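Below is run_19.txt, which holds compact mmCIF, C-alpha atoms.
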```txt
# COMPACT_ATOMS: atom_id res chain seq x y z
CA MET L 22 -43.36 -70.60 53.27
CA PRO L 23 -40.67 -69.30 55.66
CA GLY L 24 -39.38 -65.82 54.87
CA ASN L 25 -41.16 -65.79 51.50
CA ALA L 26 -44.81 -65.06 51.94
CA LEU L 27 -45.50 -65.19 48.21
CA SER L 28 -44.24 -67.59 45.59
CA HIS L 29 -41.55 -65.72 43.64
CA ALA L 30 -40.49 -67.34 40.38
CA PRO L 31 -38.27 -65.29 38.02
CA GLN L 32 -40.48 -64.46 35.04
CA PRO L 33 -40.11 -61.58 32.58
CA SER L 34 -43.38 -59.69 32.91
CA ALA L 35 -44.67 -56.16 33.03
CA ALA L 36 -45.34 -54.68 36.42
CA ASP L 37 -49.12 -55.09 36.26
CA GLN L 38 -49.53 -57.54 33.38
CA GLY L 39 -48.92 -61.17 32.50
CA ASP L 40 -48.97 -64.29 34.58
CA GLY L 41 -47.68 -64.81 38.09
CA THR L 42 -48.86 -64.64 41.66
CA ARG L 43 -51.60 -62.03 42.00
CA ALA L 44 -50.60 -59.45 44.61
CA VAL L 45 -52.08 -56.35 46.21
CA LEU L 46 -49.42 -53.67 46.77
CA VAL L 47 -49.58 -51.55 49.92
CA GLY L 48 -47.59 -48.42 50.75
CA VAL L 49 -47.81 -46.28 53.87
CA GLU L 50 -46.61 -42.67 54.06
CA LEU L 51 -45.32 -42.12 57.57
CA GLY L 52 -44.79 -38.79 59.24
CA ASP L 53 -41.08 -39.33 59.91
CA GLY L 54 -39.82 -37.96 56.59
CA THR L 55 -38.84 -41.32 55.10
CA PRO L 56 -39.01 -41.49 51.28
CA PHE L 57 -42.39 -42.60 49.95
CA ASP L 58 -43.52 -43.49 46.43
CA PRO L 59 -47.24 -42.66 46.17
CA THR L 60 -47.49 -44.46 42.81
CA LEU L 61 -45.88 -47.67 44.13
CA ASP L 62 -44.28 -48.00 40.69
CA GLU L 63 -40.94 -49.21 42.08
CA LEU L 64 -42.65 -51.81 44.27
CA ALA L 65 -44.58 -52.98 41.20
CA LEU L 66 -41.29 -53.38 39.31
CA LEU L 67 -39.82 -55.30 42.24
CA ALA L 68 -42.89 -57.55 42.30
CA ALA L 69 -42.64 -58.12 38.54
CA SER L 70 -38.95 -58.94 38.89
CA ALA L 71 -39.93 -61.61 41.42
CA GLY L 72 -42.65 -63.01 39.16
CA ASP L 73 -45.65 -61.41 40.90
CA ARG L 74 -48.43 -59.46 39.18
CA ALA L 75 -49.86 -56.40 40.87
CA VAL L 76 -53.66 -56.46 40.64
CA ALA L 77 -54.33 -53.50 42.96
CA ARG L 78 -52.48 -50.74 44.80
CA VAL L 79 -53.35 -49.24 48.17
CA THR L 80 -51.75 -46.24 49.88
CA ALA L 81 -52.31 -44.92 53.37
CA ARG L 82 -51.00 -42.15 55.61
CA ARG L 83 -50.16 -42.56 59.28
CA ARG L 84 -48.14 -40.66 61.84
CA ALA L 85 -46.58 -43.94 63.00
CA PRO L 86 -47.04 -47.64 62.17
CA ASP L 87 -49.72 -49.53 64.06
CA ALA L 88 -48.00 -51.93 66.45
CA ALA L 89 -50.29 -54.84 65.56
CA LEU L 90 -51.31 -54.41 61.90
CA PHE L 91 -48.95 -51.64 60.66
CA VAL L 92 -51.82 -49.95 58.75
CA GLY L 93 -54.45 -50.09 61.48
CA SER L 94 -57.60 -52.19 61.63
CA GLY L 95 -59.70 -49.96 59.36
CA LYS L 96 -57.23 -49.97 56.48
CA ALA L 97 -56.59 -53.69 57.07
CA ASP L 98 -60.32 -54.34 56.57
CA GLU L 99 -60.18 -52.32 53.34
CA ILE L 100 -57.23 -54.38 52.11
CA ARG L 101 -59.00 -57.64 53.02
CA ALA L 102 -62.02 -56.60 50.96
CA LEU L 103 -59.75 -55.71 48.03
CA VAL L 104 -58.01 -59.09 48.28
CA SER L 105 -61.39 -60.81 48.05
CA GLU L 106 -62.56 -58.58 45.20
CA THR L 107 -59.43 -59.15 43.07
CA SER L 108 -58.90 -62.82 44.07
CA ALA L 109 -55.36 -61.87 45.09
CA ASP L 110 -52.99 -64.58 46.28
CA GLY L 111 -51.09 -62.31 48.66
CA VAL L 112 -50.17 -58.81 49.79
CA ILE L 113 -46.82 -57.01 49.47
CA PHE L 114 -45.95 -54.04 51.70
CA ASP L 115 -43.51 -51.35 50.56
CA GLN L 116 -42.08 -51.08 54.08
CA ALA L 117 -40.39 -53.58 56.38
CA LEU L 118 -42.75 -55.41 58.74
CA SER L 119 -41.97 -56.81 62.16
CA PRO L 120 -42.55 -60.56 62.67
CA ALA L 121 -45.61 -59.81 64.83
CA GLN L 122 -47.09 -57.41 62.26
CA GLN L 123 -46.56 -59.93 59.46
CA ARG L 124 -48.20 -62.72 61.48
CA ASN L 125 -51.16 -60.54 62.50
CA LEU L 126 -51.71 -59.30 58.95
CA GLU L 127 -51.72 -62.83 57.56
CA ARG L 128 -54.33 -63.88 60.10
CA HIS L 129 -56.44 -60.77 59.42
CA LEU L 130 -56.20 -60.81 55.63
CA GLY L 131 -56.30 -64.59 55.17
CA VAL L 132 -53.47 -64.58 52.59
CA PRO L 133 -49.66 -64.61 52.75
CA VAL L 134 -47.99 -61.25 53.38
CA ALA L 135 -44.52 -60.19 52.23
CA ASP L 136 -42.60 -56.98 52.92
CA ARG L 137 -40.07 -55.02 50.88
CA THR L 138 -37.12 -56.69 52.63
CA SER L 139 -38.17 -60.26 51.90
CA LEU L 140 -39.07 -59.31 48.32
CA ILE L 141 -35.60 -57.88 47.62
CA ILE L 142 -33.91 -60.87 49.27
CA ASP L 143 -35.98 -63.21 47.08
CA ILE L 144 -34.95 -61.33 43.93
CA PHE L 145 -31.30 -61.45 44.98
CA GLY L 146 -31.68 -65.19 45.53
CA ASP L 147 -33.08 -65.63 42.01
CA ARG L 148 -30.39 -63.50 40.34
CA ALA L 149 -27.19 -64.54 42.15
CA GLN L 150 -25.03 -66.58 39.77
CA SER L 151 -21.57 -66.83 41.29
CA HIS L 152 -20.69 -69.00 44.27
CA GLU L 153 -19.88 -65.89 46.28
CA GLY L 154 -23.17 -64.23 45.38
CA LYS L 155 -25.17 -67.28 46.42
CA LEU L 156 -23.37 -67.40 49.76
CA GLN L 157 -24.10 -63.72 50.36
CA VAL L 158 -27.80 -64.08 49.59
CA GLU L 159 -28.15 -67.22 51.70
CA LEU L 160 -26.59 -65.41 54.66
CA ALA L 161 -29.01 -62.48 54.31
CA ARG L 162 -31.98 -64.83 53.97
CA LEU L 163 -31.06 -66.85 57.07
CA GLN L 164 -30.48 -63.70 59.12
CA TYR L 165 -33.93 -62.49 58.06
CA LEU L 166 -35.50 -65.88 58.89
CA SER L 167 -33.85 -66.13 62.28
CA THR L 168 -36.07 -63.33 63.63
CA ARG L 169 -39.23 -64.99 62.33
CA LEU L 170 -38.81 -68.62 63.37
CA VAL L 171 -41.41 -68.69 66.09
CA ARG L 172 -43.89 -66.80 63.91
CA ARG L 173 -43.65 -68.62 60.63
CA TRP L 174 -44.07 -72.37 61.06
CA SER L 175 -47.08 -74.03 62.66
CA HIS L 176 -45.05 -77.08 63.71
CA LEU L 177 -43.08 -74.78 66.03
CA GLU L 178 -46.07 -73.85 68.17
CA ARG L 179 -45.52 -74.56 71.85
CA GLN L 180 -47.44 -77.55 73.11
CA ARG L 181 -48.20 -78.12 76.77
CA GLY L 182 -49.44 -81.14 78.70
CA GLY L 183 -48.54 -83.67 81.37
CA ILE L 184 -47.57 -83.26 84.99
CA GLY L 185 -44.58 -81.00 85.50
CA THR L 186 -44.21 -80.31 81.78
CA ARG L 187 -43.09 -76.79 80.88
CA GLY L 188 -43.00 -77.17 77.10
CA GLY L 189 -43.77 -79.77 74.50
CA PRO L 190 -42.09 -80.98 71.28
CA GLY L 191 -42.68 -77.66 69.58
CA GLU L 192 -40.42 -75.84 72.01
CA ALA L 193 -37.62 -78.33 71.34
CA GLN L 194 -38.15 -77.93 67.59
CA ILE L 195 -37.80 -74.16 67.87
CA GLU L 196 -34.46 -74.49 69.63
CA LEU L 197 -33.30 -77.11 67.12
CA ASP L 198 -34.12 -74.91 64.14
CA ARG L 199 -32.57 -71.87 65.78
CA ARG L 200 -29.39 -73.81 66.45
CA MET L 201 -29.26 -75.16 62.89
CA ILE L 202 -29.74 -71.70 61.40
CA GLY L 203 -27.19 -70.22 63.81
CA GLU L 204 -24.60 -72.84 62.86
CA ARG L 205 -25.22 -72.29 59.16
CA ILE L 206 -24.85 -68.51 59.59
CA LYS L 207 -21.49 -69.06 61.30
CA GLN L 208 -20.36 -71.29 58.42
CA LEU L 209 -21.41 -68.75 55.80
CA LYS L 210 -19.69 -65.88 57.61
CA ALA L 211 -16.48 -67.93 57.81
CA ARG L 212 -16.61 -68.73 54.09
CA LEU L 213 -17.34 -65.12 53.18
CA GLU L 214 -14.46 -64.00 55.39
CA LYS L 215 -12.22 -66.25 53.30
CA VAL L 216 -13.60 -64.62 50.14
CA LYS L 217 -12.93 -61.22 51.69
CA ARG L 218 -9.29 -62.18 52.33
CA GLN L 219 -8.94 -63.41 48.74
CA ARG L 220 -10.33 -60.13 47.42
CA GLY L 221 -7.90 -58.28 49.70
CA THR L 222 -5.01 -60.24 48.20
CA GLN L 223 -6.20 -59.39 44.70
CA ARG L 224 -6.53 -55.69 45.61
CA ARG L 225 -3.01 -55.60 47.04
CA ALA L 226 -1.71 -57.20 43.85
CA ARG L 227 -3.41 -54.50 41.78
CA GLU L 228 -1.99 -51.83 44.06
CA ARG L 229 1.52 -53.21 43.59
CA ARG L 230 1.00 -53.02 39.83
CA GLY L 231 -0.16 -49.44 40.21
CA THR L 232 -3.59 -50.21 38.72
CA PHE L 233 -6.04 -47.31 38.76
CA LYS L 234 -9.38 -48.75 39.94
CA VAL L 235 -12.69 -47.40 38.63
CA SER L 236 -16.03 -48.73 39.90
CA LEU L 237 -19.49 -48.21 38.48
CA VAL L 238 -22.07 -47.53 41.18
CA GLY L 239 -25.65 -46.36 41.01
CA TYR L 240 -29.31 -47.06 41.51
CA THR L 241 -30.54 -50.35 40.14
CA ASN L 242 -31.66 -50.24 36.48
CA ALA L 243 -29.74 -47.01 35.83
CA GLY L 244 -27.87 -48.74 32.99
CA LYS L 245 -24.56 -49.59 34.70
CA SER L 246 -24.09 -52.94 32.95
CA THR L 247 -25.03 -51.50 29.55
CA LEU L 248 -22.51 -48.71 30.10
CA PHE L 249 -19.90 -51.23 31.25
CA ASN L 250 -20.39 -53.28 28.07
CA ALA L 251 -20.16 -50.17 25.90
CA MET L 252 -16.95 -49.01 27.59
CA VAL L 253 -14.97 -52.27 27.54
CA LYS L 254 -16.79 -54.24 24.80
CA ALA L 255 -17.75 -56.88 27.36
CA ARG L 256 -20.76 -59.17 27.34
CA ALA L 257 -21.97 -58.76 30.89
CA TYR L 258 -25.67 -59.51 31.26
CA ALA L 259 -27.80 -56.38 30.97
CA ALA L 260 -31.59 -56.09 30.96
CA ASP L 261 -34.27 -53.49 31.59
CA GLN L 262 -35.13 -54.86 35.03
CA LEU L 263 -34.22 -54.28 38.65
CA PHE L 264 -31.09 -56.10 39.88
CA ALA L 265 -30.36 -57.68 36.49
CA THR L 266 -26.82 -58.44 37.70
CA LEU L 267 -25.47 -58.98 41.20
CA ASP L 268 -21.96 -60.28 40.65
CA THR L 269 -19.02 -57.91 40.26
CA THR L 270 -17.32 -58.01 36.84
CA THR L 271 -13.92 -56.37 36.25
CA ARG L 272 -12.26 -55.66 32.89
CA SER L 273 -9.27 -53.65 31.71
CA LEU L 274 -10.01 -50.37 29.91
CA TRP L 275 -7.30 -48.72 27.77
CA LEU L 276 -7.39 -44.91 27.86
CA GLN L 277 -5.53 -43.35 24.94
CA ASP L 278 -5.54 -39.86 26.46
CA ALA L 279 -3.92 -41.11 29.66
CA GLY L 280 -1.58 -43.56 27.95
CA ARG L 281 -2.46 -46.29 30.39
CA SER L 282 -5.00 -48.96 31.30
CA VAL L 283 -7.40 -48.84 34.24
CA SER L 284 -9.55 -51.54 35.77
CA LEU L 285 -13.28 -50.98 35.42
CA SER L 286 -15.68 -52.86 37.73
CA ASP L 287 -19.45 -53.21 37.45
CA THR L 288 -21.03 -53.61 40.90
CA VAL L 289 -24.45 -54.47 42.31
CA GLY L 290 -27.08 -51.74 42.06
CA PHE L 291 -28.52 -49.93 45.06
CA ILE L 292 -32.16 -49.26 45.85
CA ARG L 293 -34.21 -47.31 48.37
CA ASP L 294 -34.38 -49.09 51.71
CA LEU L 295 -31.85 -51.70 50.63
CA PRO L 296 -32.03 -54.22 53.50
CA HIS L 297 -29.15 -53.69 55.91
CA ARG L 298 -28.61 -57.46 56.02
CA LEU L 299 -27.89 -57.43 52.28
CA VAL L 300 -25.44 -54.56 52.71
CA GLU L 301 -23.66 -56.59 55.40
CA ALA L 302 -23.76 -59.82 53.37
CA PHE L 303 -22.43 -58.12 50.22
CA GLU L 304 -19.61 -56.40 52.12
CA ALA L 305 -16.92 -58.25 50.17
CA THR L 306 -18.51 -57.22 46.86
CA LEU L 307 -19.21 -53.63 47.92
CA ARG L 308 -15.59 -53.23 49.00
CA GLU L 309 -14.82 -52.86 45.28
CA ALA L 310 -16.49 -49.45 45.49
CA ALA L 311 -14.90 -48.47 48.80
CA ASP L 312 -11.40 -49.38 47.55
CA ALA L 313 -11.77 -47.72 44.15
CA ASP L 314 -9.72 -44.68 43.10
CA LEU L 315 -12.68 -43.26 41.18
CA LEU L 316 -16.45 -43.90 41.22
CA LEU L 317 -18.67 -43.48 38.20
CA HIS L 318 -22.01 -42.66 39.82
CA VAL L 319 -24.42 -43.74 37.09
CA CYS L 320 -27.93 -42.22 37.18
CA ASP L 321 -31.02 -42.57 35.03
CA ALA L 322 -31.33 -39.05 33.63
CA ALA L 323 -34.93 -39.71 32.55
CA SER L 324 -36.15 -40.95 35.93
CA PRO L 325 -38.66 -38.71 37.72
CA GLN L 326 -37.07 -39.91 40.98
CA LEU L 327 -33.54 -38.84 39.97
CA ALA L 328 -32.79 -36.75 43.07
CA VAL L 329 -34.11 -39.40 45.47
CA GLN L 330 -32.11 -42.12 43.73
CA GLN L 331 -28.91 -40.06 43.87
CA SER L 332 -29.42 -39.44 47.59
CA GLU L 333 -30.01 -43.14 48.26
CA VAL L 334 -26.79 -44.13 46.46
CA ASP L 335 -24.88 -41.50 48.43
CA ARG L 336 -26.34 -42.91 51.67
CA VAL L 337 -25.21 -46.46 50.89
CA LEU L 338 -21.77 -45.24 49.79
CA GLU L 339 -21.39 -43.52 53.14
CA GLU L 340 -22.52 -46.70 54.91
CA ILE L 341 -19.83 -48.81 53.21
CA GLY L 342 -17.08 -46.21 53.71
CA ALA L 343 -16.92 -44.99 50.11
CA ALA L 344 -18.27 -41.46 50.59
CA GLY L 345 -14.79 -39.93 50.29
CA VAL L 346 -13.90 -41.59 46.96
CA PRO L 347 -13.79 -39.07 44.06
CA GLN L 348 -16.82 -39.29 41.77
CA ILE L 349 -17.87 -38.52 38.22
CA LEU L 350 -21.64 -38.11 37.96
CA VAL L 351 -22.77 -39.98 34.83
CA LEU L 352 -26.27 -39.05 33.64
CA ASN L 353 -27.18 -42.03 31.46
CA LYS L 354 -30.16 -42.54 29.10
CA ARG L 355 -29.96 -39.01 27.69
CA ASP L 356 -31.54 -40.44 24.51
CA LEU L 357 -34.79 -40.78 26.49
CA LEU L 358 -34.88 -37.10 27.45
CA GLU L 359 -37.30 -34.74 25.77
CA PRO L 360 -35.65 -32.20 23.40
CA THR L 361 -36.35 -29.39 25.88
CA ARG L 362 -34.48 -31.31 28.62
CA GLN L 363 -31.38 -32.10 26.57
CA PRO L 364 -28.16 -30.67 28.12
CA ARG L 365 -26.38 -27.77 26.44
CA ALA L 366 -23.01 -29.54 26.77
CA ASP L 367 -21.85 -33.12 27.29
CA VAL L 368 -19.75 -32.15 30.31
CA ASP L 369 -20.18 -29.65 33.12
CA ALA L 370 -19.68 -29.58 36.88
CA VAL L 371 -22.14 -29.76 39.75
CA GLU L 372 -21.89 -29.12 43.48
CA ARG L 373 -23.01 -32.41 45.04
CA HIS L 374 -22.34 -31.32 48.63
CA PRO L 375 -21.41 -27.96 50.16
CA GLY L 376 -17.94 -27.15 48.87
CA VAL L 377 -17.67 -30.45 46.92
CA VAL L 378 -17.85 -30.07 43.13
CA CYS L 379 -17.59 -33.06 40.80
CA PRO L 380 -17.65 -33.42 37.00
CA ARG L 381 -20.96 -34.35 35.39
CA VAL L 382 -21.30 -35.97 31.98
CA PHE L 383 -24.42 -36.78 29.97
CA VAL L 384 -24.24 -40.05 28.04
CA SER L 385 -26.31 -42.71 26.35
CA ALA L 386 -24.83 -46.15 26.80
CA ARG L 387 -27.26 -47.44 24.18
CA THR L 388 -26.32 -45.00 21.40
CA GLY L 389 -22.74 -44.21 22.48
CA GLN L 390 -23.39 -40.47 22.79
CA GLY L 391 -21.07 -38.81 25.31
CA LEU L 392 -18.87 -41.88 25.90
CA ASP L 393 -15.76 -40.19 24.45
CA ALA L 394 -16.23 -37.32 26.90
CA LEU L 395 -16.55 -39.82 29.76
CA ARG L 396 -13.35 -41.57 28.71
CA ARG L 397 -11.53 -38.23 28.71
CA LEU L 398 -12.74 -37.48 32.24
CA ILE L 399 -11.55 -40.90 33.44
CA ALA L 400 -8.23 -40.36 31.64
CA ASP L 401 -7.75 -37.00 33.36
CA ALA L 402 -8.39 -38.58 36.76
CA ALA L 403 -6.07 -41.51 36.02
CA ALA L 404 -3.30 -39.32 34.63
CA SER L 405 -3.35 -37.01 37.64
CA SER L 406 -2.97 -39.99 39.98
CA ALA L 407 -0.07 -41.70 38.18
CA PRO L 408 3.59 -40.70 38.56
CA PRO L 409 5.03 -39.39 35.28
CA ASP L 410 7.43 -42.33 35.01
CA ALA L 411 4.55 -44.77 35.32
CA GLU L 412 2.64 -42.92 32.60
CA ARG L 413 5.60 -43.03 30.21
CA ALA L 414 6.20 -46.70 30.95
CA ALA L 415 2.56 -47.55 30.30
CA ALA L 416 2.58 -45.63 27.03
CA ALA L 417 5.80 -47.32 25.94
CA ILE L 418 4.40 -50.78 26.69
CA HIS L 419 1.26 -49.98 24.71
CA SER L 420 3.28 -48.67 21.75
CA THR L 421 5.39 -51.82 21.74
CA ALA L 422 2.32 -54.02 21.87
CA VAL L 423 0.71 -52.17 18.94
CA SER L 424 3.84 -52.30 16.81
```

In structure tokens, write the structure found in this file.
Amino acid sequence: MPGNALSHAPQPSAADQGDGTRAVLVGVELGDGTPFDPTLDELALLAASAGDRAVARVTARRRAPDAALFVGSGKADEIRALVSETSADGVIFDQALSPAQQRNLERHLGVPVADRTSLIIDIFGDRAQSHEGKLQVELARLQYLSTRLVRRWSHLERQRGGIGTRGGPGEAQIELDRRMIGERIKQLKARLEKVKRQRGTQRRARERRGTFKVSLVGYTNAGKSTLFNAMVKARAYAADQLFATLDTTTRSLWLQDAGRSVSLSDTVGFIRDLPHRLVEAFEATLREAADADLLLHVCDAASPQLAVQQSEVDRVLEEIGAAGVPQILVLNKRDLLEPTRQPRADVDAVERHPGVVCPRVFVSARTGQGLDALRRLIADAAASSAPPDAERAAAAIHSTAVS
């Protein structure tokens, strides 16, 4: 199956339990300092989100990836034996594989092989609901496929024969498929450019109205959508799974302390090694964060990978041009913290970068604890950005509406 080595059907299942395609998970710790999860728990959650069931986990350590098999022939033999022992249907790697490595591994292991990039793209494809989201995912998928055309389909193999013949039907088929994918990519980019212009028009309209824009950002499954629903009494879809929502939702939030309304947007979650093609494809959506006046950086306070997740979100924010937007660090899920790890106060301040201090608030979107303190922090930021006349006008309008 092109670009999707395993069959990914969206099924709610535990990471290593339930039905679904049986998969062996493989992670390689490289000597270049890239983040590595020795437990492969996040990859197992990604696999479960895509409908796969992890039946075994394998980790390895290398100074650099093997050019042919990524893990080397010895470890590849070990994985092949494990696939046979567990009757696995395929193998999922926690790193990105080159087309040649993916092809060689499939031949060596005798089962389909997927990498982290294709897995995340598949999940995005399953979860996208809006027309814009579907266009973005299709663009990322086609860009990923375009590098693997010659490797993935047997009907594209070059055939030779006949006097003076340089290439057979397969060579023509390769060019045809490349051209078709290239044309479709151009169409999708044009349509997304139109969406980008529409979003720009909407942003300029909000700017003319003096709307203070707040965006929720954070690692996937940190509780952004649950927090969004708690703040604005919305009904955005929220679930305890990776990438539960992909489409941006914006609602108006009235702040009594500031005497004005702000717009609050829930955006797509980030993840370690988020494929660059997805970042490019979701540019129009991610612009909501870059154009915001304030970012609520939502983190899972109970996660053992809290620091790594914060760093990854900061990296993506820098990539999309949002690193300079003021932030409030929101430590969510405080209800899951042990009593000895509970904060002494709801609000304090933390130095995120040298010389850059931002407010930090501990909340539980599920129980409502700390939400009043978060609203006050947002109100302070909104009030300091609004001219006094605008504040008085907003308060007067609200008083009139209430009366």

Q) Any idea what's packed within 12 Å of L:Asp87, counting all atoms listed in the file, ignoring anything in its chain fewer than 4 positions away? Could you give it as a VMD selection string? A) chain L and resid 49 51 81 to 83 91 to 97 118 to 119 121 to 123 125 to 126

Q. When distances are computed from all atoms listed in the file, which of L:Ala251, L:Val371, L:Val346, L:Ala322 shows the smallest separation from L:Leu392?
A. L:Ala251

Q: Show which residues sit within 7 Å of L:Ser286, as a ChimeraX atom specification. Count only C-alpha atoms, and ignore same-chain residues fewer than 4 positions away.
A: /L:235-237,269-272

Q: Calculate how many Å separate atom CA of L:Cys320 from atom CA of L:Ala44, rounding to one decimal.
A: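 That distance, rounded to one decimal, is 29.4 Å.
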
Per residue of stretch 49-83 of chain L within 12 Å of stretch 292-307 of chain L, note the shortest atom pair and the distance in Å to one decimal, counting all atoms listed in the file, and order the rows by chain and increasing residue number, as JSON lines.
```
{"residue": "L:Thr55", "atom": "CA", "partner": "L:Asp294", "partner_atom": "CA", "distance": 9.6}
{"residue": "L:Pro56", "atom": "CA", "partner": "L:Arg293", "partner_atom": "CA", "distance": 8.1}
{"residue": "L:Phe57", "atom": "CA", "partner": "L:Arg293", "partner_atom": "CA", "distance": 9.6}
{"residue": "L:Asp58", "atom": "CA", "partner": "L:Arg293", "partner_atom": "CA", "distance": 10.2}
{"residue": "L:Glu63", "atom": "CA", "partner": "L:Arg293", "partner_atom": "CA", "distance": 9.4}
{"residue": "L:Leu64", "atom": "CA", "partner": "L:Arg293", "partner_atom": "CA", "distance": 10.4}
{"residue": "L:Leu66", "atom": "CA", "partner": "L:Ile292", "partner_atom": "CA", "distance": 12.0}
{"residue": "L:Leu67", "atom": "CA", "partner": "L:Ile292", "partner_atom": "CA", "distance": 10.4}
```

Q | Of the listed residues L:Asp198, L:Asp321, L:Asp115, L:Asp147, that which approaches L:Asp356 most closely, counting all atoms listed in the file | A | L:Asp321

Q: Find the spatial neighbours of L:Lys354, counting only C-alpha atoms, within a cut-off of 12 Å - ignore same-chain residues fewer than 2 positions away - and output them as a ChimeraX atom specification.
A: /L:242-245,247-248,261,319-324,327,351-352,356-359,363,382-392

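Distance-wise, atom CA of L:Asp136 and atom CA of L:Val47 end up 9.3 Å apart.
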
Q: To one decimal in Å, tell me the separation between atom CA of L:Gln157 and atom CA of L:Leu213.
A: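 Atom-to-atom, atom CA of L:Gln157 and atom CA of L:Leu213 are spaced 7.5 Å apart.
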
Box dimensions and centre (Å, one decimal) enclosing stretch 367-379 of chain L, axis-aligned, 3 Å extra per side, as lines of an AutoDock Vina configuration file:
```
center_x = -20.3
center_y = -30.1
center_z = 38.7
size_x = 11.4
size_y = 12.0
size_z = 28.9
```

(Q) For a quick check of understanding, using only C-alpha atoms, which of L:Leu338, L:Ile349, L:Val253, L:Ala313 has the smallest distance to L:Leu398? (A)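 Residue with the minimum atom-to-atom distance to L:Leu398: L:Ile349.
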
Q: Please provide the set of residues having any atom within 8 Å of L:Ala109, restricted to only C-alpha atoms, with same-chain residues fewer than 5 positions apart removed, written as a PyMOL selection string.
A: chain L and resi 42-45+76+104

Please produce a file of the residues just selected, as a compact mmCIF listing (two decimals), in the coordinates of the input, where the atoms kept are C-alpha atoms.
```
# COMPACT_ATOMS: atom_id res chain seq x y z
CA THR L 42 -48.86 -64.64 41.66
CA ARG L 43 -51.60 -62.03 42.00
CA ALA L 44 -50.60 -59.45 44.61
CA VAL L 45 -52.08 -56.35 46.21
CA VAL L 76 -53.66 -56.46 40.64
CA VAL L 104 -58.01 -59.09 48.28
```

Q. Restricting the calculation to all atoms listed in the file, which member of L:Thr80, L:Ser405, L:Thr168, L:Gln150 is positioned closest to L:Asp278?
A. L:Ser405

Q.
For a quick check of understanding, using only C-alpha atoms, which of L:Leu350, L:Gln208, L:Ile399, L:Gln219 has the smallest distance to L:Ser284?
A.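 That would be L:Ile399, the residue with the smallest distance to L:Ser284.
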
Q: For L:Ala343, please output as a PyMOL selection string all residues within 9 Å (counting all atoms listed in the file; exclusion window: fewer than 3 positions along the same chain).
A: chain L and resi 308+310-313+316+335+337-340+346

Q: Using only C-alpha atoms, give me every residue within 12 Å of (-12.9, -52.9, 22.0) in file coordinates, as an MDAnalysis selection string.
A: chainID L and resid 249:256 272:276
